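What follows is start.csv (CSV, C-alpha atoms (C1' of nucleotides)).
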chain,number,residue,atom,x,y,z
I,2,MET,CA,134.1,235.4,-16.0
I,3,GLN,CA,136.3,233.5,-13.5
I,4,PRO,CA,140.0,233.1,-14.2
I,5,LEU,CA,141.1,230.5,-16.6
I,6,THR,CA,143.7,227.8,-16.1
I,7,ILE,CA,146.5,227.5,-18.5
I,8,GLY,CA,144.8,224.6,-20.1
I,9,ALA,CA,141.7,226.5,-20.7
I,10,LEU,CA,143.7,229.4,-22.2
I,11,ALA,CA,145.4,227.0,-24.4
I,12,ALA,CA,142.1,225.6,-25.6
I,13,GLN,CA,140.7,229.0,-26.2
I,14,THR,CA,143.6,230.3,-28.2
I,15,GLY,CA,145.0,227.2,-29.8
I,16,VAL,CA,148.4,227.9,-28.3
I,17,LYS,CA,150.1,224.9,-26.6
I,18,ILE,CA,150.7,225.0,-22.9
I,19,PRO,CA,154.5,224.9,-23.0
I,20,THR,CA,154.4,227.7,-25.6
I,21,ILE,CA,152.3,229.9,-23.3
I,22,ARG,CA,154.8,229.3,-20.5
I,23,TYR,CA,157.6,230.1,-23.0
I,24,TYR,CA,155.9,233.3,-24.0
I,25,GLU,CA,155.8,234.3,-20.4
I,26,SER,CA,159.4,233.4,-19.9
I,27,ILE,CA,160.5,235.7,-22.7
I,28,GLY,CA,158.3,238.5,-21.6
I,29,LEU,CA,155.7,238.4,-24.4
I,30,LEU,CA,153.1,237.6,-21.8
I,31,PRO,CA,153.2,239.2,-18.4
I,32,GLU,CA,153.7,237.0,-15.4
I,33,ALA,CA,150.4,235.4,-14.7
I,34,PRO,CA,148.9,235.7,-11.2
I,35,ARG,CA,149.0,232.5,-9.3
I,36,THR,CA,146.5,230.6,-7.2
I,37,ASP,CA,147.4,229.6,-3.6
I,38,SER,CA,148.7,226.4,-5.1
I,39,ASN,CA,150.9,228.2,-7.5
I,40,ARG,CA,148.9,227.7,-10.7
I,41,ARG,CA,148.7,230.4,-13.3
I,42,THR,CA,145.5,232.2,-13.8
I,43,TYR,CA,144.4,234.2,-16.8
I,44,ASP,CA,141.6,236.6,-17.6
I,45,ALA,CA,140.0,237.9,-20.8
I,46,ALA,CA,142.8,240.4,-21.3
I,47,ALA,CA,145.3,237.5,-21.3
I,48,VAL,CA,143.2,235.8,-23.9
I,49,ARG,CA,143.2,238.9,-26.1
I,50,ARG,CA,146.9,239.4,-25.7
I,51,LEU,CA,147.7,235.8,-26.6
I,52,ARG,CA,145.4,235.9,-29.6
I,53,PHE,CA,147.2,239.1,-30.7
I,54,ILE,CA,150.5,237.2,-30.4
I,55,ARG,CA,149.3,234.1,-32.1
I,56,HIS,CA,147.8,236.1,-34.9
I,57,ALA,CA,151.0,238.1,-35.4
I,58,ARG,CA,153.0,234.9,-35.4
I,59,GLU,CA,150.7,233.5,-38.0
I,60,LEU,CA,151.3,236.6,-40.1
I,61,GLY,CA,155.0,235.6,-39.8
I,62,PHE,CA,156.0,238.4,-37.5
I,63,GLU,CA,159.0,237.6,-35.4
I,64,VAL,CA,158.9,237.7,-31.7
I,65,GLU,CA,160.9,240.9,-31.6
I,66,ALA,CA,158.5,242.6,-34.0
I,67,ILE,CA,155.6,241.4,-31.9
I,68,ARG,CA,157.2,242.8,-28.8
I,69,GLN,CA,157.4,246.2,-30.5
I,70,LEU,CA,153.8,245.9,-31.6
I,71,LEU,CA,152.7,245.0,-28.1
I,72,THR,CA,154.5,247.9,-26.7
I,73,LEU,CA,152.7,250.2,-29.1
I,74,ALA,CA,149.4,248.5,-28.3
I,75,ASP,CA,150.0,248.9,-24.6
I,76,ASP,CA,150.4,252.6,-25.0
I,77,PRO,CA,147.7,253.7,-27.5
I,78,GLY,CA,148.5,257.4,-27.3
I,79,GLN,CA,151.6,257.1,-29.5
I,80,PRO,CA,151.7,257.7,-33.3
I,81,CYS,CA,151.4,254.5,-35.2
I,82,ARG,CA,154.1,255.2,-37.8
I,83,GLN,CA,156.3,252.6,-36.3
I,84,ALA,CA,153.7,249.9,-36.4
I,85,ASP,CA,152.9,250.9,-40.0
I,86,LEU,CA,156.6,250.6,-40.9
I,87,LEU,CA,156.8,247.2,-39.3
I,88,ALA,CA,153.8,246.0,-41.3
I,89,ARG,CA,155.1,247.4,-44.5
I,90,ALA,CA,158.5,245.8,-44.1
I,91,HIS,CA,156.7,242.5,-43.4
I,92,LEU,CA,154.5,242.9,-46.4
I,93,ALA,CA,157.5,243.2,-48.7
I,94,GLU,CA,158.9,240.1,-47.1
I,95,ILE,CA,155.7,238.1,-47.7
I,96,GLU,CA,155.5,239.2,-51.3
I,97,SER,CA,159.0,238.0,-52.0
I,98,LYS,CA,158.2,234.7,-50.3
I,99,ILE,CA,155.1,234.3,-52.4
I,100,ALA,CA,157.0,234.9,-55.6
I,101,ARG,CA,159.7,232.5,-54.7
I,102,LEU,CA,157.2,229.8,-53.7
I,103,GLU,CA,155.3,230.3,-56.9
I,104,SER,CA,158.3,229.6,-59.0
I,105,LEU,CA,159.2,226.6,-56.8
I,106,ARG,CA,155.7,225.4,-57.4
I,107,ALA,CA,156.1,225.6,-61.1
I,108,GLU,CA,159.3,223.7,-60.8
I,109,LEU,CA,157.7,221.0,-58.7
I,110,ARG,CA,154.8,220.8,-61.1
I,111,GLU,CA,157.3,220.2,-63.9
I,112,MET,CA,158.8,217.5,-61.7
I,113,VAL,CA,155.8,215.4,-60.7
I,114,GLY,CA,153.7,213.8,-63.4
I,115,HIS,CA,156.8,213.2,-65.5
I,116,CYS,CA,157.6,210.1,-63.6
I,117,GLU,CA,156.6,207.3,-65.9
I,118,GLN,CA,157.3,204.7,-63.3
I,119,GLY,CA,160.6,204.4,-65.0
I,120,GLN,CA,164.0,204.4,-63.5
I,121,VAL,CA,165.7,207.2,-61.6
I,122,ARG,CA,167.9,208.0,-64.5
I,123,THR,CA,164.9,209.3,-66.4
I,124,CYS,CA,163.1,210.7,-63.5
I,125,HIS,CA,162.5,214.4,-63.6
I,126,VAL,CA,162.4,214.8,-59.8
I,127,ILE,CA,166.0,213.8,-59.6
I,128,GLU,CA,166.9,215.6,-62.9
I,129,VAL,CA,165.4,218.9,-61.9
I,130,LEU,CA,167.0,218.9,-58.6
I,131,ALA,CA,170.4,217.8,-60.0
I,132,ASP,CA,170.5,219.9,-63.1
I,133,HIS,CA,170.8,223.6,-62.7
I,134,ALA,CA,169.5,224.2,-66.3
I,135,HIS,CA,166.0,223.0,-65.3
I,136,CYS,CA,165.5,226.0,-63.0
I,137,LEU,CA,162.5,227.9,-63.9
I,138,HIS,CA,163.3,230.7,-61.5
I,139,ASP,CA,166.2,233.0,-61.2
I,140,HIS,CA,167.1,232.9,-57.6
I,141,HIS,CA,170.7,232.0,-58.4
U,18,MET,CA,190.2,221.1,-63.0
U,19,GLN,CA,192.3,221.1,-59.9
U,20,PRO,CA,190.6,220.5,-56.6
U,21,LEU,CA,188.8,223.4,-55.0
U,22,THR,CA,189.2,224.7,-51.5
U,23,ILE,CA,186.2,225.0,-49.2
U,24,GLY,CA,186.1,228.7,-49.8
U,25,ALA,CA,186.0,228.3,-53.6
U,26,LEU,CA,183.3,225.7,-53.2
U,27,ALA,CA,181.3,228.1,-51.1
U,28,ALA,CA,181.8,230.9,-53.7
U,29,GLN,CA,180.7,228.6,-56.5
U,30,THR,CA,177.6,227.3,-54.8
U,31,GLY,CA,176.5,230.2,-52.6
U,32,VAL,CA,176.6,227.9,-49.5
U,33,LYS,CA,178.5,229.3,-46.5
U,34,ILE,CA,181.6,227.5,-45.3
U,35,PRO,CA,180.3,226.5,-41.9
U,36,THR,CA,177.2,225.2,-43.6
U,37,ILE,CA,179.3,223.0,-45.9
U,38,ARG,CA,181.1,221.6,-42.9
U,39,TYR,CA,177.8,221.1,-41.3
U,40,TYR,CA,176.5,219.2,-44.3
U,41,GLU,CA,179.5,216.9,-44.1
U,42,SER,CA,179.0,216.4,-40.4
U,43,ILE,CA,175.5,215.2,-40.9
U,44,GLY,CA,176.4,213.0,-43.8
U,45,LEU,CA,174.7,215.0,-46.6
U,46,LEU,CA,178.1,215.5,-48.2
U,47,PRO,CA,180.7,212.7,-48.1
U,48,GLU,CA,183.9,213.3,-46.1
U,49,ALA,CA,186.0,215.5,-48.3
U,50,PRO,CA,189.5,214.3,-49.1
U,51,ARG,CA,192.2,216.3,-47.3
U,52,THR,CA,195.5,217.9,-48.4
U,53,ASP,CA,198.7,217.1,-46.5
U,54,SER,CA,197.9,220.1,-44.3
U,55,ASN,CA,194.4,218.7,-43.5
U,56,ARG,CA,192.4,221.0,-45.7
U,57,ARG,CA,189.3,219.8,-47.4
U,58,THR,CA,189.4,219.5,-51.2
U,59,TYR,CA,186.5,219.3,-53.6
U,60,ASP,CA,185.9,218.3,-57.2
U,61,ALA,CA,183.2,218.9,-59.8
U,62,ALA,CA,181.1,216.1,-58.3
U,63,ALA,CA,181.1,217.8,-55.0
U,64,VAL,CA,180.0,221.0,-56.6
U,65,ARG,CA,177.1,219.2,-58.3
U,66,ARG,CA,176.1,217.5,-55.1
U,67,LEU,CA,176.2,220.6,-53.1
U,68,ARG,CA,174.1,222.4,-55.8
U,69,PHE,CA,171.7,219.6,-55.7
U,70,ILE,CA,171.4,220.0,-51.9
U,71,ARG,CA,171.1,223.8,-52.1
U,72,HIS,CA,168.5,223.6,-54.8
U,73,ALA,CA,166.5,221.1,-52.8
U,74,ARG,CA,166.7,223.3,-49.7
U,75,GLU,CA,165.6,226.2,-51.7
U,76,LEU,CA,162.6,224.2,-52.8
U,77,GLY,CA,161.9,223.7,-49.1
U,78,PHE,CA,162.9,220.1,-48.8
U,79,GLU,CA,163.9,219.1,-45.4
U,80,VAL,CA,167.3,217.5,-44.9
U,81,GLU,CA,165.8,214.1,-44.4
U,82,ALA,CA,164.0,214.3,-47.7
U,83,ILE,CA,167.1,215.4,-49.4
U,84,ARG,CA,169.0,212.5,-47.9
U,85,GLN,CA,166.4,210.2,-49.4
U,86,LEU,CA,166.7,211.9,-52.8
U,87,LEU,CA,170.4,211.7,-52.7
U,88,THR,CA,170.2,208.0,-52.0
U,89,LEU,CA,168.0,207.6,-55.0
U,90,ALA,CA,170.3,209.8,-57.1
U,91,ASP,CA,173.3,207.8,-56.0
U,92,ASP,CA,171.7,204.6,-57.2
U,93,PRO,CA,170.0,205.4,-60.5
U,94,GLY,CA,168.9,201.9,-61.2
U,95,GLN,CA,165.9,202.1,-58.8
U,96,PRO,CA,162.4,203.0,-59.7
U,97,CYS,CA,161.6,206.6,-59.1
U,98,ARG,CA,158.2,206.2,-57.5
U,99,GLN,CA,159.6,207.2,-54.1
U,100,ALA,CA,161.2,210.4,-55.4
U,101,ASP,CA,157.9,211.2,-57.2
U,102,LEU,CA,155.9,210.7,-54.0
U,103,LEU,CA,158.4,212.9,-52.1
U,104,ALA,CA,157.9,215.7,-54.7
U,105,ARG,CA,154.2,215.3,-54.7
U,106,ALA,CA,154.0,215.6,-51.0
U,107,HIS,CA,156.1,218.7,-51.1
U,108,LEU,CA,154.1,220.2,-53.8
U,109,ALA,CA,150.9,220.0,-51.7
U,110,GLU,CA,152.8,221.6,-48.9
U,111,ILE,CA,154.0,224.5,-51.0
U,112,GLU,CA,150.5,225.1,-52.4
U,113,SER,CA,149.1,225.4,-48.9
U,114,LYS,CA,151.9,227.7,-47.9
U,115,ILE,CA,151.2,229.9,-50.9
U,116,ALA,CA,147.5,230.0,-50.1
U,117,ARG,CA,148.2,231.0,-46.5
U,118,LEU,CA,150.7,233.6,-47.5
U,119,GLU,CA,148.3,235.1,-50.0
U,120,SER,CA,145.6,235.6,-47.3
U,121,LEU,CA,148.2,237.0,-45.0
U,122,ARG,CA,149.2,239.4,-47.7
U,123,ALA,CA,145.7,240.6,-48.2
U,124,GLU,CA,145.5,241.1,-44.4
U,125,LEU,CA,148.7,243.1,-44.4
U,126,ARG,CA,147.6,245.2,-47.4
U,127,GLU,CA,144.5,246.0,-45.5
U,128,MET,CA,146.7,247.1,-42.6
U,129,VAL,CA,149.2,249.3,-44.3
U,130,GLY,CA,148.0,252.4,-46.0
U,131,HIS,CA,145.3,252.9,-43.5
U,132,CYS,CA,147.7,254.5,-41.1
U,133,GLU,CA,146.8,258.1,-41.3
U,134,GLN,CA,149.7,259.1,-39.2
U,135,GLY,CA,147.2,259.0,-36.4
U,136,GLN,CA,147.4,257.5,-33.1
U,137,VAL,CA,147.7,253.8,-32.4
U,138,ARG,CA,144.1,253.7,-31.2
U,139,THR,CA,143.0,254.2,-34.8
U,140,CYS,CA,145.8,252.4,-36.4
U,141,HIS,CA,144.8,249.4,-38.5
U,142,VAL,CA,148.0,247.6,-37.9
U,143,ILE,CA,147.3,247.3,-34.3
U,144,GLU,CA,143.6,246.8,-34.8
U,145,VAL,CA,143.9,244.0,-37.3
U,146,LEU,CA,146.4,242.2,-35.1
U,147,ALA,CA,144.3,242.7,-32.0
U,148,ASP,CA,140.8,242.1,-33.3
U,149,HIS,CA,140.0,238.7,-34.5
U,150,ALA,CA,137.1,240.0,-36.6
U,151,HIS,CA,139.4,241.6,-39.0
U,152,CYS,CA,140.7,238.3,-40.2
U,153,LEU,CA,140.3,237.8,-43.9
U,154,HIS,CA,141.4,234.3,-43.8
U,155,ASP,CA,140.0,231.2,-42.1
U,156,HIS,CA,142.9,229.6,-40.5
U,157,HIS,CA,141.2,229.6,-37.1
Q,4,DT,C1',213.6,235.2,-46.7
Q,5,DC,C1',210.4,237.3,-43.9
Q,6,DT,C1',206.2,238.9,-42.9
Q,7,DT,C1',201.5,240.0,-43.3
Q,8,DG,C1',196.9,238.9,-44.0
Q,9,DA,C1',193.7,235.7,-45.8
Q,10,DT,C1',192.2,231.2,-45.4
Q,11,DC,C1',191.7,227.1,-43.1
Q,12,DC,C1',191.2,223.8,-39.1
Q,13,DT,C1',188.5,221.9,-34.7
Q,14,DC,C1',185.6,222.5,-31.0
Q,15,DC,C1',182.0,224.4,-28.8
Q,16,DA,C1',178.2,227.4,-27.8
Q,17,DG,C1',174.4,230.1,-29.5
Q,18,DT,C1',170.2,231.2,-32.5
Q,19,DG,C1',164.8,231.2,-32.8
Q,20,DA,C1',160.8,229.4,-31.4
Q,21,DC,C1',159.4,226.2,-29.6
Q,22,DT,C1',158.7,221.0,-27.8
Q,23,DG,C1',158.9,217.3,-24.7
Q,24,DG,C1',160.2,214.5,-20.7
Q,25,DA,C1',161.2,213.8,-15.5
Q,26,DG,C1',159.6,214.0,-11.2
Q,27,DA,C1',156.7,216.2,-7.9
Q,28,DC,C1',152.5,218.4,-6.5
Q,29,DT,C1',147.3,219.4,-6.7
Q,30,DC,C1',142.7,219.2,-8.2
Q,31,DT,C1',138.3,216.9,-9.5
Q,32,DA,C1',135.0,213.2,-10.1
Q,33,DG,C1',133.2,209.0,-8.8
R,1,DC,C1',139.4,207.9,-0.6
R,2,DT,C1',141.4,207.1,-4.6
R,3,DA,C1',142.5,207.4,-9.5
R,4,DG,C1',143.6,210.0,-13.1
R,5,DA,C1',144.0,214.4,-15.2
R,6,DG,C1',146.1,218.7,-14.9
R,7,DT,C1',149.8,221.6,-13.3
R,8,DC,C1',154.4,223.0,-11.6
R,9,DT,C1',159.7,223.7,-12.5
R,10,DC,C1',163.8,222.5,-14.7
R,11,DC,C1',166.3,221.0,-18.2
R,12,DA,C1',167.5,218.9,-22.5
R,13,DG,C1',166.4,218.4,-27.4
R,14,DT,C1',164.8,220.0,-32.1
R,15,DC,C1',166.2,221.9,-36.9
R,16,DA,C1',169.3,223.9,-39.8
R,17,DC,C1',172.4,226.4,-39.3
R,18,DT,C1',175.8,230.4,-37.5
R,19,DG,C1',179.6,232.4,-35.3
R,20,DG,C1',183.5,232.8,-32.2
R,21,DA,C1',188.0,231.2,-30.0
R,22,DG,C1',192.4,229.7,-30.6
R,23,DG,C1',195.6,227.8,-33.5
R,24,DA,C1',197.8,226.2,-38.1
R,25,DT,C1',198.9,227.1,-42.9
R,26,DC,C1',199.1,229.3,-47.3
R,27,DA,C1',200.1,233.0,-51.0
R,28,DA,C1',202.0,237.3,-52.2
R,29,DG,C1',204.7,241.3,-51.7
R,30,DA,C1',209.0,243.9,-49.7
Rewrite the structure of this file - the entire thing - as structure tokens.
Amino acid sequence: MQPLTIGALAAQTGVKIPTIRYYESIGLLPEAPRTDSNRRTYDAAAVRRLRFIRHARELGFEVEAIRQLLTLADDPGQPCRQADLLARAHLAEIESKIARLESLRAELREMVGHCEQGQVRTCHVIEVLADHAHCLHDHH
Amino acid sequence: MQPLTIGALAAQTGVKIPTIRYYESIGLLPEAPRTDSNRRTYDAAAVRRLRFIRHARELGFEVEAIRQLLTLADDPGQPCRQADLLARAHLAEIESKIARLESLRAELREMVGHCEQGQVRTCHVIEVLADHAHCLHDHH
DNA sequence: TCTTGATCCTCCAGTGACTGGAGACTCTAG
DNA sequence: CTAGAGTCTCCAGTCACTGGAGGATCAAGA
């Protein structure tokens, strides 16, 4: 497999070109080797690493967490307790996000469908947002 | 009820002081009347409006959407179709967010608890993040 | 009355994670 | 050979805040 251009890498991973350069600039991706004419080249390892990053971002990991995970992945002889802790912390975060969103969904479901094409003064969208008592969840 | 200071408003609404000033600066809150010594003062209406904003932010509405909702709320004679459409659009967004997070949660649950205090090379956290085949969801 | 500490003011810069434009260079296909 | 697509660097902007510097003002206790 001959080296990829940045555009090809972007196409293969679904990560935009400026984002790839950004990841390099913050050290998530190593500096890509260049051609004679100064263009970045990538190999299969770069594709895997960028997929790793993209996947972790999709899971909601912050860049700093990803940096730690990559350090662990780069050095596979270490115990994985740290990575596990990272994932556990993130799982807790996701579960609270889901819970919050579910109550927000309930609230929005209350809101829509109650609009009888009437006036704002009887519209639940405005009401629910304005009136604290309509809260179905307890986040405050 | 005598006018509130910005600190009291912050305490009553849970919105931080710089955030309140920021909301004023972008026009979500009207310019607060000042005391002789140039301090902002707020009344019950300001508390309601800020709660409205906070609530909408918690529901995930963007500032622009909130601005529209506030415009509608400020002028209650208008039909509420627009507000309803806004809420509907947002509901769809929230539902897709929930679905995504649920699959991410499944993935993370797969990951944690499989760490046998072993080495990274057998750690699912790293594996799942590195290996595309472990995806339980279909977002790519 | 004085002083101390809390609160407030404005202005400005930074955050995270990108995103996009300007202007210049280079590669590829016809 | 030329046109257009792709790439380069640099820099500025996005969103929704967040925080610090430096200075003014207020409330309460000695």
Interface list for chain Q, partner chain I, 9 Å threshold, all atoms listed in the file, as a PyMOL selection string: chain Q and resi 19-23+28-29
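As for CA of Phe62 in chain I and CA of Ile27 in chain I, they are spaced 15.7 Å apart.
For chain R, the residues no farther than 8 Å from chain U when using only C-alpha atoms (C1' of nucleotides) are DC17, DT18 and DT25 of chain R.
Taking CA of Thr42 in chain I and CA of Gly8 in chain I as the two end points, the separation is 9.9 Å.
Proximity to chain I was assessed for U:Glu81, U:Asp101, U:Glu110, U:Glu127 counting only C-alpha atoms; the smallest distance is recorded for U:Asp101.
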For CA of Ala84 in chain I and CA of Arg49 in chain I, the interatomic separation in Å (one decimal):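 One can read the CA of Ala84 in chain I to CA of Arg49 in chain I distance as 18.4 Å.
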Contacts of Pro31 in chain I within 12 Å, only C-alpha atoms (C1' of nucleotides), excl. fewer than 3 positions in-chain, as a VMD selection string: chain I and resid 21 to 28 34 41 to 44 46 to 48 50 to 51 68 71 75
Nearest to DG26 in chain Q, chosen from R:DA16, R:DC11, R:DC26, R:DA3, with all atoms listed in the file counted in the distances: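 Residue with the minimum atom-to-atom distance to DG26 in chain Q: R:DC11.
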Protein, DNA and RNA residues within 8 Å of (163.7, 214.5, -27.0), all atoms listed in the file, as a PyMOL selection string: (chain Q and resi 23-24) or (chain R and resi 12-14)
Residue neighbourhood Ala93 in chain I, 12 Å, all atoms listed in the file, exclusion window fewer than 5 positions, as a list of chain:residue names: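 Returned residues: I:Gly61, I:Leu86, I:Leu87, I:Ala88, I:Lys98, I:Ile99, I:Ala100, U:Leu118, U:Leu121, U:Arg122, U:Leu125, U:Arg126, U:Val129.
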Can you pull range 58-119 of chain I out of that block with C-alpha atoms and hand it back as a PDB file, in the first residue's frame?
ATOM      1  CA  ARG I  58     -14.218  11.202  20.154  1.00  0.00           C
ATOM      2  CA  GLU I  59     -17.497   9.640  19.076  1.00  0.00           C
ATOM      3  CA  LEU I  60     -17.632   7.935  22.435  1.00  0.00           C
ATOM      4  CA  GLY I  61     -17.336  11.394  23.901  1.00  0.00           C
ATOM      5  CA  PHE I  62     -13.806  11.099  25.200  1.00  0.00           C
ATOM      6  CA  GLU I  63     -12.021  14.389  25.517  1.00  0.00           C
ATOM      7  CA  VAL I  64      -8.770  14.926  23.746  1.00  0.00           C
ATOM      8  CA  GLU I  65      -6.822  14.678  26.994  1.00  0.00           C
ATOM      9  CA  ALA I  66      -8.362  11.304  27.774  1.00  0.00           C
ATOM     10  CA  ILE I  67      -7.575  10.147  24.257  1.00  0.00           C
ATOM     11  CA  ARG I  68      -4.018  11.283  24.666  1.00  0.00           C
ATOM     12  CA  GLN I  69      -3.766   9.078  27.748  1.00  0.00           C
ATOM     13  CA  LEU I  70      -5.369   6.139  25.995  1.00  0.00           C
ATOM     14  CA  LEU I  71      -3.004   6.524  23.073  1.00  0.00           C
ATOM     15  CA  THR I  72      -0.047   6.559  25.416  1.00  0.00           C
ATOM     16  CA  LEU I  73      -1.316   3.304  26.876  1.00  0.00           C
ATOM     17  CA  ALA I  74      -1.956   1.856  23.444  1.00  0.00           C
ATOM     18  CA  ASP I  75       1.512   2.845  22.287  1.00  0.00           C
ATOM     19  CA  ASP I  76       3.044   0.947  25.154  1.00  0.00           C
ATOM     20  CA  PRO I  77       1.079  -2.296  25.427  1.00  0.00           C
ATOM     21  CA  GLY I  78       3.184  -3.770  28.198  1.00  0.00           C
ATOM     22  CA  GLN I  79       1.568  -1.667  30.894  1.00  0.00           C
ATOM     23  CA  PRO I  80      -1.273  -2.685  33.138  1.00  0.00           C
ATOM     24  CA  CYS I  81      -4.588  -1.439  31.834  1.00  0.00           C
ATOM     25  CA  ARG I  82      -6.094  -0.297  35.115  1.00  0.00           C
ATOM     26  CA  GLN I  83      -5.733   3.293  34.031  1.00  0.00           C
ATOM     27  CA  ALA I  84      -7.563   2.738  30.779  1.00  0.00           C
ATOM     28  CA  ASP I  85     -10.276   0.884  32.609  1.00  0.00           C
ATOM     29  CA  LEU I  86     -10.666   3.708  35.096  1.00  0.00           C
ATOM     30  CA  LEU I  87     -10.900   6.175  32.247  1.00  0.00           C
ATOM     31  CA  ALA I  88     -13.651   4.155  30.609  1.00  0.00           C
ATOM     32  CA  ARG I  89     -15.526   3.702  33.863  1.00  0.00           C
ATOM     33  CA  ALA I  90     -15.486   7.409  34.557  1.00  0.00           C
ATOM     34  CA  HIS I  91     -16.781   8.013  31.092  1.00  0.00           C
ATOM     35  CA  LEU I  92     -19.509   5.437  31.420  1.00  0.00           C
ATOM     36  CA  ALA I  93     -20.843   7.188  34.501  1.00  0.00           C
ATOM     37  CA  GLU I  94     -20.862  10.450  32.593  1.00  0.00           C
ATOM     38  CA  ILE I  95     -22.763   8.938  29.698  1.00  0.00           C
ATOM     39  CA  GLU I  96     -25.342   7.400  31.965  1.00  0.00           C
ATOM     40  CA  SER I  97     -26.102  10.715  33.575  1.00  0.00           C
ATOM     41  CA  LYS I  98     -26.285  12.348  30.169  1.00  0.00           C
ATOM     42  CA  ILE I  99     -28.784   9.755  29.024  1.00  0.00           C
ATOM     43  CA  ALA I 100     -30.909  10.199  32.116  1.00  0.00           C
ATOM     44  CA  ARG I 101     -30.950  13.942  31.668  1.00  0.00           C
ATOM     45  CA  LEU I 102     -31.802  13.723  28.007  1.00  0.00           C
ATOM     46  CA  GLU I 103     -34.609  11.300  28.697  1.00  0.00           C
ATOM     47  CA  SER I 104     -36.281  13.722  31.046  1.00  0.00           C
ATOM     48  CA  LEU I 105     -35.717  16.525  28.601  1.00  0.00           C
ATOM     49  CA  ARG I 106     -37.349  14.371  25.960  1.00  0.00           C
ATOM     50  CA  ALA I 107     -40.358  13.846  28.182  1.00  0.00           C
ATOM     51  CA  GLU I 108     -40.581  17.559  28.679  1.00  0.00           C
ATOM     52  CA  LEU I 109     -40.362  18.299  24.985  1.00  0.00           C
ATOM     53  CA  ARG I 110     -42.942  15.629  24.231  1.00  0.00           C
ATOM     54  CA  GLU I 111     -45.226  17.374  26.672  1.00  0.00           C
ATOM     55  CA  MET I 112     -44.551  20.575  24.810  1.00  0.00           C
ATOM     56  CA  VAL I 113     -45.101  19.598  21.225  1.00  0.00           C
ATOM     57  CA  GLY I 114     -48.472  18.385  20.165  1.00  0.00           C
ATOM     58  CA  HIS I 115     -50.142  20.706  22.609  1.00  0.00           C
ATOM     59  CA  CYS I 116     -49.921  23.565  20.214  1.00  0.00           C
ATOM     60  CA  GLU I 117     -53.430  23.938  18.896  1.00  0.00           C
ATOM     61  CA  GLN I 118     -52.379  26.487  16.338  1.00  0.00           C
ATOM     62  CA  GLY I 119     -53.457  28.920  18.996  1.00  0.00           C
TER      63      GLY I 119
END
